[in-house]
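To be precise, the following lines are coords17.csv, and they hold CSV, N, CA and C atoms and all ligand atoms.
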chain,number,residue,atom,x,y,z
A,1,MET,N,7.6,-6.9,12.9
A,1,MET,CA,9.0,-7.4,12.7
A,1,MET,C,9.9,-6.2,13.0
A,2,ALA,N,11.0,-6.5,13.8
A,2,ALA,CA,11.9,-5.5,14.2
A,2,ALA,C,12.6,-5.0,13.0
A,3,ASP,N,13.0,-3.7,13.0
A,3,ASP,CA,13.7,-3.0,11.9
A,3,ASP,C,13.0,-3.0,10.6
A,4,CYS,N,11.7,-3.1,10.6
A,4,CYS,CA,11.0,-3.0,9.4
A,4,CYS,C,10.2,-1.6,9.4
A,5,LEU,N,10.5,-0.8,8.3
A,5,LEU,CA,10.0,0.5,8.2
A,5,LEU,C,8.5,0.5,8.3
A,6,PHE,N,7.8,-0.3,7.5
A,6,PHE,CA,6.4,-0.3,7.4
A,6,PHE,C,5.7,-0.9,8.6
A,7,CYS,N,6.4,-1.9,9.3
A,7,CYS,CA,5.8,-2.3,10.6
A,7,CYS,C,5.9,-1.2,11.5
A,8,GLY,N,6.9,-0.4,11.5
A,8,GLY,CA,7.0,0.8,12.4
A,8,GLY,C,6.0,1.8,12.1
A,9,ILE,N,5.7,2.1,10.8
A,9,ILE,CA,4.7,3.1,10.4
A,9,ILE,C,3.3,2.5,10.9
A,10,ALA,N,3.0,1.2,10.6
A,10,ALA,CA,1.7,0.6,10.9
A,10,ALA,C,1.5,0.7,12.4
A,11,ALA,N,2.5,0.6,13.2
A,11,ALA,CA,2.4,0.6,14.7
A,11,ALA,C,2.4,2.0,15.2
A,12,GLY,N,2.6,3.0,14.4
A,12,GLY,CA,2.6,4.4,14.8
A,12,GLY,C,3.9,4.8,15.5
A,13,GLU,N,4.9,3.9,15.4
A,13,GLU,CA,6.2,4.2,16.0
A,13,GLU,C,7.1,5.1,15.1
A,14,ILE,N,6.8,5.1,13.8
A,14,ILE,CA,7.5,6.0,12.9
A,14,ILE,C,6.4,6.9,12.3
A,15,PRO,N,6.6,8.2,12.2
A,15,PRO,CA,5.6,9.1,11.7
A,15,PRO,C,5.2,8.9,10.3
A,16,SER,N,4.0,9.1,10.0
A,16,SER,CA,3.5,9.1,8.6
A,16,SER,C,2.2,9.9,8.5
A,17,THR,N,1.8,10.2,7.3
A,17,THR,CA,0.5,10.9,7.2
A,17,THR,C,-0.5,9.8,6.8
A,18,LYS,N,-1.2,9.4,7.8
A,18,LYS,CA,-2.2,8.2,7.6
A,18,LYS,C,-3.5,8.8,6.9
A,19,VAL,N,-4.0,8.0,6.0
A,19,VAL,CA,-5.3,8.3,5.4
A,19,VAL,C,-6.4,7.4,5.8
A,20,TYR,N,-6.0,6.2,6.4
A,20,TYR,CA,-6.9,5.2,6.9
A,20,TYR,C,-6.2,4.2,7.7
A,21,GLU,N,-6.9,3.7,8.7
A,21,GLU,CA,-6.4,2.5,9.4
A,21,GLU,C,-7.5,1.7,10.1
A,22,ASP,N,-7.3,0.4,10.2
A,22,ASP,CA,-8.2,-0.5,10.9
A,22,ASP,C,-7.4,-1.6,11.5
A,23,ASP,N,-8.1,-2.6,12.0
A,23,ASP,CA,-7.4,-3.7,12.7
A,23,ASP,C,-6.4,-4.4,11.8
A,24,LEU,N,-6.6,-4.4,10.5
A,24,LEU,CA,-5.9,-5.3,9.6
A,24,LEU,C,-4.8,-4.5,8.7
A,25,CYS,N,-5.1,-3.3,8.4
A,25,CYS,CA,-4.3,-2.5,7.5
A,25,CYS,C,-4.2,-1.1,7.8
A,26,VAL,N,-3.2,-0.4,7.2
A,26,VAL,CA,-3.0,1.0,7.3
A,26,VAL,C,-2.7,1.6,6.0
A,27,ALA,N,-3.2,2.8,5.7
A,27,ALA,CA,-2.9,3.5,4.4
A,27,ALA,C,-2.3,4.8,4.8
A,28,PHE,N,-1.2,5.2,4.1
A,28,PHE,CA,-0.5,6.5,4.4
A,28,PHE,C,0.1,7.0,3.1
A,29,GLN,N,0.3,8.4,3.1
A,29,GLN,CA,0.8,9.0,1.9
A,29,GLN,C,2.2,8.6,1.7
A,30,ASP,N,2.5,8.3,0.4
A,30,ASP,CA,3.9,8.0,0.0
A,30,ASP,C,4.8,9.3,0.2
A,31,ILE,N,6.0,9.1,0.7
A,31,ILE,CA,6.8,10.2,1.0
A,31,ILE,C,7.4,10.9,-0.3
A,32,SER,N,7.4,10.2,-1.4
A,32,SER,CA,7.8,10.7,-2.7
A,32,SER,C,6.8,10.4,-3.7
A,33,PRO,N,5.7,11.2,-3.7
A,33,PRO,CA,4.5,10.9,-4.6
A,33,PRO,C,4.9,11.0,-6.0
A,34,LEU,N,4.4,10.0,-6.8
A,34,LEU,CA,4.6,10.0,-8.2
A,34,LEU,C,3.3,10.4,-9.0
A,35,ALA,N,2.3,10.8,-8.3
A,35,ALA,CA,1.0,11.2,-8.9
A,35,ALA,C,0.3,12.1,-7.8
A,36,PRO,N,-0.6,12.9,-8.2
A,36,PRO,CA,-1.3,13.8,-7.3
A,36,PRO,C,-1.9,13.0,-6.1
A,37,THR,N,-2.4,11.8,-6.4
A,37,THR,CA,-2.8,10.9,-5.3
A,37,THR,C,-1.8,9.7,-5.4
A,38,HIS,N,-1.1,9.5,-4.3
A,38,HIS,CA,-0.2,8.4,-4.2
A,38,HIS,C,-0.1,8.0,-2.7
A,39,PHE,N,-0.9,7.0,-2.3
A,39,PHE,CA,-0.7,6.5,-1.0
A,39,PHE,C,-0.4,5.0,-1.0
A,40,LEU,N,0.1,4.5,0.1
A,40,LEU,CA,0.4,3.1,0.2
A,40,LEU,C,-0.5,2.4,1.2
A,41,VAL,N,-0.9,1.2,0.9
A,41,VAL,CA,-1.7,0.4,1.8
A,41,VAL,C,-0.9,-0.8,2.2
A,42,VAL,N,-0.8,-1.0,3.5
A,42,VAL,CA,0.1,-2.1,4.1
A,42,VAL,C,-0.8,-2.9,5.1
A,43,PRO,N,-0.6,-4.3,5.1
A,43,PRO,CA,-1.2,-5.0,6.2
A,43,PRO,C,-0.4,-4.8,7.4
A,44,ARG,N,-1.1,-4.9,8.6
A,44,ARG,CA,-0.3,-4.8,9.8
A,44,ARG,C,0.6,-6.0,10.0
A,45,LYS,N,0.1,-7.2,9.4
A,45,LYS,CA,1.0,-8.4,9.5
A,45,LYS,C,2.2,-8.2,8.5
A,46,HIS,N,3.3,-8.6,9.0
A,46,HIS,CA,4.5,-8.5,8.2
A,46,HIS,C,4.6,-9.6,7.2
A,47,LEU,N,4.5,-9.3,5.9
A,47,LEU,CA,4.7,-10.2,4.8
A,47,LEU,C,5.7,-9.5,3.9
A,48,ALA,N,6.8,-10.2,3.5
A,48,ALA,CA,7.9,-9.5,2.8
A,48,ALA,C,7.5,-8.9,1.5
A,49,SER,N,6.5,-9.6,0.8
A,49,SER,CA,6.1,-9.1,-0.5
A,49,SER,C,4.9,-9.9,-0.9
A,50,ALA,N,4.3,-9.7,-2.1
A,50,ALA,CA,3.2,-10.5,-2.6
A,50,ALA,C,3.6,-11.9,-2.8
A,51,ALA,N,4.9,-12.2,-2.9
A,51,ALA,CA,5.4,-13.5,-3.1
A,51,ALA,C,5.3,-14.3,-1.8
A,52,ALA,N,5.1,-13.7,-0.7
A,52,ALA,CA,4.9,-14.4,0.6
A,52,ALA,C,3.5,-14.6,0.9
A,53,VAL,N,2.6,-14.2,0.1
A,53,VAL,CA,1.1,-14.4,0.4
A,53,VAL,C,0.7,-15.8,0.2
A,54,THR,N,0.0,-16.4,1.1
A,54,THR,CA,-0.5,-17.7,1.0
A,54,THR,C,-2.1,-17.7,1.1
A,55,GLU,N,-2.7,-18.8,1.0
A,55,GLU,CA,-4.2,-18.9,1.1
A,55,GLU,C,-4.6,-18.4,2.5
A,56,GLU,N,-3.8,-18.5,3.5
A,56,GLU,CA,-4.1,-18.0,4.8
A,56,GLU,C,-4.4,-16.5,4.8
A,57,ASP,N,-3.8,-15.8,3.8
A,57,ASP,CA,-3.9,-14.3,3.7
A,57,ASP,C,-5.0,-13.9,2.7
A,58,ALA,N,-5.8,-14.8,2.2
A,58,ALA,CA,-6.7,-14.5,1.2
A,58,ALA,C,-7.7,-13.4,1.7
A,59,ALA,N,-8.2,-13.5,2.9
A,59,ALA,CA,-9.2,-12.6,3.4
A,59,ALA,C,-8.5,-11.2,3.6
A,60,LEU,N,-7.3,-11.3,4.1
A,60,LEU,CA,-6.5,-10.0,4.3
A,60,LEU,C,-6.3,-9.2,3.0
A,61,VAL,N,-5.9,-9.9,2.0
A,61,VAL,CA,-5.6,-9.2,0.7
A,61,VAL,C,-7.0,-8.7,0.1
A,62,GLY,N,-8.0,-9.5,0.2
A,62,GLY,CA,-9.3,-9.1,-0.2
A,62,GLY,C,-9.8,-7.9,0.5
A,63,HIS,N,-9.6,-7.9,1.8
A,63,HIS,CA,-10.0,-6.7,2.6
A,63,HIS,C,-9.2,-5.4,2.2
A,64,ILE,N,-7.9,-5.6,1.9
A,64,ILE,CA,-7.1,-4.4,1.4
A,64,ILE,C,-7.7,-3.9,0.1
A,65,PHE,N,-8.1,-4.7,-0.8
A,65,PHE,CA,-8.7,-4.2,-2.0
A,65,PHE,C,-10.0,-3.6,-1.8
A,66,ALA,N,-10.8,-4.1,-0.9
A,66,ALA,CA,-12.1,-3.4,-0.5
A,66,ALA,C,-11.8,-2.1,0.1
A,67,VAL,N,-10.8,-2.0,1.0
A,67,VAL,CA,-10.5,-0.7,1.6
A,67,VAL,C,-10.1,0.3,0.5
A,68,ILE,N,-9.3,-0.1,-0.5
A,68,ILE,CA,-8.8,0.7,-1.6
A,68,ILE,C,-10.0,1.2,-2.4
A,69,ALA,N,-11.0,0.3,-2.7
A,69,ALA,CA,-12.2,0.7,-3.4
A,69,ALA,C,-13.0,1.8,-2.6
A,70,LYS,N,-13.1,1.6,-1.3
A,70,LYS,CA,-13.8,2.5,-0.5
A,70,LYS,C,-13.1,3.9,-0.4
A,71,LEU,N,-11.8,3.9,-0.3
A,71,LEU,CA,-11.1,5.2,-0.3
A,71,LEU,C,-11.2,5.9,-1.6
A,72,ALA,N,-11.1,5.1,-2.7
A,72,ALA,CA,-11.3,5.7,-4.0
A,72,ALA,C,-12.6,6.4,-4.2
A,73,ALA,N,-13.7,5.7,-3.7
A,73,ALA,CA,-15.0,6.3,-3.8
A,73,ALA,C,-15.1,7.5,-2.9
A,74,GLU,N,-14.6,7.4,-1.7
A,74,GLU,CA,-14.7,8.6,-0.8
A,74,GLU,C,-13.9,9.8,-1.2
A,75,GLN,N,-12.7,9.5,-1.8
A,75,GLN,CA,-11.8,10.6,-2.2
A,75,GLN,C,-12.1,11.0,-3.7
A,76,GLY,N,-13.0,10.4,-4.4
A,76,GLY,CA,-13.5,10.9,-5.7
A,76,GLY,C,-12.6,10.5,-6.8
A,77,PHE,N,-11.9,9.4,-6.7
A,77,PHE,CA,-11.1,9.0,-7.9
A,77,PHE,C,-11.4,7.6,-8.4
A,78,ALA,N,-12.6,7.1,-8.0
A,78,ALA,CA,-12.9,5.7,-8.4
A,78,ALA,C,-13.0,5.5,-9.9
A,79,ASP,N,-13.1,6.6,-10.7
A,79,ASP,CA,-13.2,6.5,-12.1
A,79,ASP,C,-11.8,6.1,-12.8
A,80,GLY,N,-10.7,6.2,-12.0
A,80,GLY,CA,-9.5,5.9,-12.7
A,80,GLY,C,-8.3,5.9,-11.7
A,81,TYR,N,-7.8,4.7,-11.4
A,81,TYR,CA,-6.6,4.6,-10.5
A,81,TYR,C,-5.9,3.4,-10.8
A,82,ARG,N,-4.6,3.3,-10.3
A,82,ARG,CA,-3.8,2.1,-10.5
A,82,ARG,C,-3.4,1.6,-9.1
A,83,VAL,N,-3.4,0.3,-9.0
A,83,VAL,CA,-2.9,-0.4,-7.8
A,83,VAL,C,-1.7,-1.2,-8.2
A,84,VAL,N,-0.5,-1.0,-7.6
A,84,VAL,CA,0.7,-1.6,-8.0
A,84,VAL,C,1.4,-2.2,-6.7
A,85,THR,N,1.9,-3.4,-6.9
A,85,THR,CA,2.8,-4.0,-5.8
A,85,THR,C,4.0,-4.5,-6.5
A,86,ASN,N,5.2,-4.0,-6.1
A,86,ASN,CA,6.5,-4.5,-6.6
A,86,ASN,C,7.0,-5.7,-5.8
A,87,VAL,N,7.5,-6.7,-6.5
A,87,VAL,CA,8.0,-7.9,-5.8
A,87,VAL,C,9.4,-8.1,-6.2
A,88,GLY,N,10.3,-7.9,-5.2
A,88,GLY,CA,11.7,-8.1,-5.4
A,88,GLY,C,12.4,-6.9,-6.0
A,89,ALA,N,13.7,-6.9,-5.8
A,89,ALA,CA,14.6,-5.8,-6.3
A,89,ALA,C,14.5,-5.6,-7.8
A,90,LEU,N,14.4,-6.6,-8.5
A,90,LEU,CA,14.3,-6.5,-10.0
A,90,LEU,C,13.1,-5.7,-10.4
A,91,ALA,N,12.0,-5.8,-9.6
A,91,ALA,CA,10.8,-5.1,-10.0
A,91,ALA,C,10.8,-3.7,-9.3
A,92,GLY,N,11.8,-3.4,-8.5
A,92,GLY,CA,11.9,-2.1,-7.9
A,92,GLY,C,11.4,-2.0,-6.5
A,93,GLN,N,11.2,-3.2,-5.9
A,93,GLN,CA,10.8,-3.2,-4.5
A,93,GLN,C,12.0,-2.7,-3.6
A,94,THR,N,11.7,-1.7,-2.8
A,94,THR,CA,12.8,-1.1,-1.9
A,94,THR,C,12.5,-1.3,-0.4
A,95,VAL,N,11.2,-1.5,-0.1
A,95,VAL,CA,10.8,-1.8,1.3
A,95,VAL,C,10.2,-3.2,1.3
A,96,HIS,N,10.7,-4.0,2.1
A,96,HIS,CA,10.4,-5.4,2.1
A,96,HIS,C,9.3,-5.8,3.1
A,97,HIS,N,8.2,-5.1,3.0
A,97,HIS,CA,7.0,-5.3,3.7
A,97,HIS,C,5.9,-5.1,2.7
A,98,LEU,N,5.0,-6.1,2.4
A,98,LEU,CA,4.0,-6.0,1.4
A,98,LEU,C,3.3,-4.6,1.4
A,99,HIS,N,3.2,-4.0,0.3
A,99,HIS,CA,2.5,-2.7,0.2
A,99,HIS,C,1.9,-2.5,-1.2
A,100,PHE,N,0.8,-1.9,-1.2
A,100,PHE,CA,0.1,-1.6,-2.5
A,100,PHE,C,0.1,-0.1,-2.7
A,101,HIS,N,0.8,0.3,-3.8
A,101,HIS,CA,0.7,1.7,-4.2
A,101,HIS,C,-0.7,2.0,-4.8
A,102,VAL,N,-1.3,3.1,-4.5
A,102,VAL,CA,-2.5,3.5,-5.1
A,102,VAL,C,-2.2,4.9,-5.7
A,103,LEU,N,-2.4,4.9,-7.0
A,103,LEU,CA,-2.0,6.1,-7.8
A,103,LEU,C,-3.2,6.6,-8.6
A,104,SER,N,-3.3,7.9,-8.6
A,104,SER,CA,-4.4,8.5,-9.4
A,104,SER,C,-4.1,10.0,-9.6
A,105,GLY,N,-5.0,10.7,-10.4
A,105,GLY,CA,-4.9,12.1,-10.5
A,105,GLY,C,-4.1,12.6,-11.7
A,106,LYS,N,-3.6,11.7,-12.5
A,106,LYS,CA,-2.9,12.1,-13.8
A,106,LYS,C,-3.0,10.9,-14.7
A,107,GLU,N,-2.7,11.2,-16.0
A,107,GLU,CA,-2.6,10.1,-17.0
A,107,GLU,C,-1.5,9.2,-16.6
A,108,LEU,N,-1.8,8.0,-16.4
A,108,LEU,CA,-0.8,7.0,-15.8
A,108,LEU,C,0.0,6.3,-16.9
A,109,GLY,N,-0.5,6.4,-18.1
A,109,GLY,CA,0.2,5.7,-19.2
A,109,GLY,C,-0.1,4.2,-19.2
A,110,SER,N,0.5,3.5,-20.2
A,110,SER,CA,0.2,2.1,-20.3
A,110,SER,C,1.4,1.2,-20.0
A,111,PHE,N,1.2,0.0,-19.5
A,111,PHE,CA,2.3,-0.9,-19.3
A,111,PHE,C,2.6,-1.7,-20.5
A,112,ASN,N,1.6,-1.7,-21.5
A,112,ASN,CA,1.8,-2.6,-22.6
A,112,ASN,C,1.4,-1.9,-23.9
B,1,LIG,P1,8.7,0.1,-3.5
B,1,LIG,O1,9.7,0.8,-4.3
B,1,LIG,O2,9.2,-0.8,-2.4
B,1,LIG,O3,7.6,-0.5,-4.3
B,1,LIG,O4,7.9,1.3,-2.7
B,1,LIG,C1,8.4,1.9,-1.5
B,1,LIG,C2,7.7,3.2,-1.4
B,1,LIG,O5,7.8,3.6,-0.1
B,1,LIG,C3,8.3,4.3,-2.3
B,1,LIG,O6,7.3,4.8,-3.2
B,1,LIG,C4,8.8,5.3,-1.3
B,1,LIG,O7,8.7,6.6,-1.7
B,1,LIG,C5,8.0,5.0,0.0
B,1,LIG,N1,8.7,5.3,1.2
B,1,LIG,C6,10.0,5.0,1.5
B,1,LIG,N2,10.3,5.4,2.8
B,1,LIG,C7,9.2,6.0,3.3
B,1,LIG,C8,8.9,6.6,4.5
B,1,LIG,O8,9.7,6.7,5.4
B,1,LIG,N3,7.6,7.1,4.6
B,1,LIG,C9,6.7,7.0,3.6
B,1,LIG,N4,5.5,7.5,3.9
B,1,LIG,N5,6.9,6.4,2.4
B,1,LIG,C10,8.2,5.9,2.3
B,2,ZN,ZN,7.1,-5.2,8.3
Written as structure tokens, how would this file's structure read?
Amino acid sequence: MADCLFCGIAAGEIPSTKVYEDDLCVAFQDISPLAPTHFLVVPRKHLASAAAVTEEDAALVGHIFAVIAKLAAEQGFADGYRVVTNVGALAGQTVHHLHFHVLSGKELGSFN
């Protein structure tokens, strides 16, 4: 999608520090990390947020979680990490291309 930051990063048109990529998704370091490990995983397909996911995207979303599990094991933080996706401005979403934050390396606190 034109004028989308994460479409640009996924396509390699906008620079990023990639940690993984395949035909379906790309993972790259967050520019403002909130934890020692903080990268984002995005589908190459433009979806505005998790609210735009349909059954058609089931395999894609499952693949992204499998990639996250693989990276966690490879990078040695599989014992504790958080996966977050913000939906809408009220939840703090600032980039309107579906992305999963992967955070680890410090005490992350509780949501509840
Ligand atoms: P959101 O607030 O939408 O859930 O998360 C957007 C994330 O994208 C933020 O954590 C922010 O630091 C990150 N971000 C924004 N612009 C860029 C950029 O140009 N490059 C990278 N690597 N991350 C970015
Ligand atoms: Zn996009």
Practice task
List every residue of segment 55-102 of chain A that DSSP, applied to the backbone, labels as strand (DSSP E), and write the result as a ChimeraX atom specification.
Solution key: /A:82-84,100-102
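The smallest atom-to-atom distance between ligand ZN 2 (chain B) and any of A:His46, A:Phe39, A:Gly80, A:Thr17, using all atoms listed in the file, is found for A:His46.
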Practice task
Select the residues contacting ligand LIG 1 (chain B) at a distance of at most 6 Å, based on only N, CA and C atoms and all ligand atoms, then format the selection as JSON, numbers by chain.
Solution key: {"A": [16, 17, 28, 29, 30, 31, 32, 33, 85, 86, 92, 93, 94, 95, 96]}
Handout entry: Selection as a ChimeraX atom specification: residues within 10 Å of ligand ZN 2 (chain B) by only C-alpha atoms and all ligand atoms
Key = /A:1-11,42-49,95-99
With N, CA and C atoms retained, export the selected residues as an mmCIF file, in the frame of the given file.
data_model
loop_
_atom_site.group_PDB
_atom_site.id
_atom_site.type_symbol
_atom_site.label_atom_id
_atom_site.label_comp_id
_atom_site.auth_asym_id
_atom_site.auth_seq_id
_atom_site.Cartn_x
_atom_site.Cartn_y
_atom_site.Cartn_z
ATOM 1 N N MET A 1 7.600 -6.900 12.900
ATOM 2 C CA MET A 1 9.000 -7.400 12.700
ATOM 3 C C MET A 1 9.900 -6.200 13.000
ATOM 4 N N ALA A 2 11.000 -6.500 13.800
ATOM 5 C CA ALA A 2 11.900 -5.500 14.200
ATOM 6 C C ALA A 2 12.600 -5.000 13.000
ATOM 7 N N ASP A 3 13.000 -3.700 13.000
ATOM 8 C CA ASP A 3 13.700 -3.000 11.900
ATOM 9 C C ASP A 3 13.000 -3.000 10.600
ATOM 10 N N CYS A 4 11.700 -3.100 10.600
ATOM 11 C CA CYS A 4 11.000 -3.000 9.400
ATOM 12 C C CYS A 4 10.200 -1.600 9.400
ATOM 13 N N LEU A 5 10.500 -0.800 8.300
ATOM 14 C CA LEU A 5 10.000 0.500 8.200
ATOM 15 C C LEU A 5 8.500 0.500 8.300
ATOM 16 N N PHE A 6 7.800 -0.300 7.500
ATOM 17 C CA PHE A 6 6.400 -0.300 7.400
ATOM 18 C C PHE A 6 5.700 -0.900 8.600
ATOM 19 N N CYS A 7 6.400 -1.900 9.300
ATOM 20 C CA CYS A 7 5.800 -2.300 10.600
ATOM 21 C C CYS A 7 5.900 -1.200 11.500
ATOM 22 N N GLY A 8 6.900 -0.400 11.500
ATOM 23 C CA GLY A 8 7.000 0.800 12.400
ATOM 24 C C GLY A 8 6.000 1.800 12.100
ATOM 25 N N ILE A 9 5.700 2.100 10.800
ATOM 26 C CA ILE A 9 4.700 3.100 10.400
ATOM 27 C C ILE A 9 3.300 2.500 10.900
ATOM 28 N N ALA A 10 3.000 1.200 10.600
ATOM 29 C CA ALA A 10 1.700 0.600 10.900
ATOM 30 C C ALA A 10 1.500 0.700 12.400
ATOM 31 N N ALA A 11 2.500 0.600 13.200
ATOM 32 C CA ALA A 11 2.400 0.600 14.700
ATOM 33 C C ALA A 11 2.400 2.000 15.200
ATOM 34 N N VAL A 42 -0.800 -1.000 3.500
ATOM 35 C CA VAL A 42 0.100 -2.100 4.100
ATOM 36 C C VAL A 42 -0.800 -2.900 5.100
ATOM 37 N N PRO A 43 -0.600 -4.300 5.100
ATOM 38 C CA PRO A 43 -1.200 -5.000 6.200
ATOM 39 C C PRO A 43 -0.400 -4.800 7.400
ATOM 40 N N ARG A 44 -1.100 -4.900 8.600
ATOM 41 C CA ARG A 44 -0.300 -4.800 9.800
ATOM 42 C C ARG A 44 0.600 -6.000 10.000
ATOM 43 N N LYS A 45 0.100 -7.200 9.400
ATOM 44 C CA LYS A 45 1.000 -8.400 9.500
ATOM 45 C C LYS A 45 2.200 -8.200 8.500
ATOM 46 N N HIS A 46 3.300 -8.600 9.000
ATOM 47 C CA HIS A 46 4.500 -8.500 8.200
ATOM 48 C C HIS A 46 4.600 -9.600 7.200
ATOM 49 N N LEU A 47 4.500 -9.300 5.900
ATOM 50 C CA LEU A 47 4.700 -10.200 4.800
ATOM 51 C C LEU A 47 5.700 -9.500 3.900
ATOM 52 N N ALA A 48 6.800 -10.200 3.500
ATOM 53 C CA ALA A 48 7.900 -9.500 2.800
ATOM 54 C C ALA A 48 7.500 -8.900 1.500
ATOM 55 N N SER A 49 6.500 -9.600 0.800
ATOM 56 C CA SER A 49 6.100 -9.100 -0.500
ATOM 57 C C SER A 49 4.900 -9.900 -0.900
ATOM 58 N N VAL A 95 11.200 -1.500 -0.100
ATOM 59 C CA VAL A 95 10.800 -1.800 1.300
ATOM 60 C C VAL A 95 10.200 -3.200 1.300
ATOM 61 N N HIS A 96 10.700 -4.000 2.100
ATOM 62 C CA HIS A 96 10.400 -5.400 2.100
ATOM 63 C C HIS A 96 9.300 -5.800 3.100
ATOM 64 N N HIS A 97 8.200 -5.100 3.000
ATOM 65 C CA HIS A 97 7.000 -5.300 3.700
ATOM 66 C C HIS A 97 5.900 -5.100 2.700
ATOM 67 N N LEU A 98 5.000 -6.100 2.400
ATOM 68 C CA LEU A 98 4.000 -6.000 1.400
ATOM 69 C C LEU A 98 3.300 -4.600 1.400
ATOM 70 N N HIS A 99 3.200 -4.000 0.300
ATOM 71 C CA HIS A 99 2.500 -2.700 0.200
ATOM 72 C C HIS A 99 1.900 -2.500 -1.200
#
Might you pull out every residue within 8 Å of segment 58-70 of chain A, with all atoms listed in the file counted and same-chain residues fewer than 2 positions away left off, and present them as a compact mmCIF listing (two decimals) with N, CA and C atoms, keeping the file's coordinate frame?
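The new file result-v2.txt reads:
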# COMPACT_ATOMS: atom_id res chain seq x y z
N LEU A 24 -6.60 -4.40 10.50
CA LEU A 24 -5.90 -5.30 9.60
C LEU A 24 -4.80 -4.50 8.70
N CYS A 25 -5.10 -3.30 8.40
CA CYS A 25 -4.30 -2.50 7.50
C CYS A 25 -4.20 -1.10 7.80
N VAL A 41 -0.90 1.20 0.90
CA VAL A 41 -1.70 0.40 1.80
C VAL A 41 -0.90 -0.80 2.20
N VAL A 42 -0.80 -1.00 3.50
CA VAL A 42 0.10 -2.10 4.10
C VAL A 42 -0.80 -2.90 5.10
N PRO A 43 -0.60 -4.30 5.10
CA PRO A 43 -1.20 -5.00 6.20
C PRO A 43 -0.40 -4.80 7.40
N VAL A 53 2.60 -14.20 0.10
CA VAL A 53 1.10 -14.40 0.40
C VAL A 53 0.70 -15.80 0.20
N THR A 54 0.00 -16.40 1.10
CA THR A 54 -0.50 -17.70 1.00
C THR A 54 -2.10 -17.70 1.10
N GLU A 55 -2.70 -18.80 1.00
CA GLU A 55 -4.20 -18.90 1.10
C GLU A 55 -4.60 -18.40 2.50
N GLU A 56 -3.80 -18.50 3.50
CA GLU A 56 -4.10 -18.00 4.80
C GLU A 56 -4.40 -16.50 4.80
N ALA A 72 -11.10 5.10 -2.70
CA ALA A 72 -11.30 5.70 -4.00
C ALA A 72 -12.60 6.40 -4.20
N ALA A 73 -13.70 5.70 -3.70
CA ALA A 73 -15.00 6.30 -3.80
C ALA A 73 -15.10 7.50 -2.90
N GLU A 74 -14.60 7.40 -1.70
CA GLU A 74 -14.70 8.60 -0.80
C GLU A 74 -13.90 9.80 -1.20
N GLN A 75 -12.70 9.50 -1.80
CA GLN A 75 -11.80 10.60 -2.20
C GLN A 75 -12.10 11.00 -3.70
N GLY A 76 -13.00 10.40 -4.40
CA GLY A 76 -13.50 10.90 -5.70
C GLY A 76 -12.60 10.50 -6.80
N ALA A 78 -12.60 7.10 -8.00
CA ALA A 78 -12.90 5.70 -8.40
C ALA A 78 -13.00 5.50 -9.90
N VAL A 102 -1.30 3.10 -4.50
CA VAL A 102 -2.50 3.50 -5.10
C VAL A 102 -2.20 4.90 -5.70
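Here atom CA of Glu13 of chain A is placed at a distance of 13.6 Å from atom C of Val26 of chain A.
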Exercise for the section: Check the DSSP output for the backbone and give back, as a PyMOL selection string, the residues of chain A in helix (DSSP H, G or I). Expected result: chain A and resi 5-10+50-52+55-75+89-91
Exercise for the section: Please measure the separation of atom CA of Ser104 of chain A and atom N of Val83 of chain A, giving the value in Å to one decimal. Expected result: 8.3 Å
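Atom CA of Val19 of chain A to atom C of Leu90 of chain A spans 28.0 Å [interatomic distance, one decimal].
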Practice task
List every protein, DNA or RNA residue that has an atom no more than 9 Å from (-0.3, 7.7, -9.8) in the file's coordinate frame, counting only C-alpha atoms, and report them as a count of residues only.
Solution key: 18
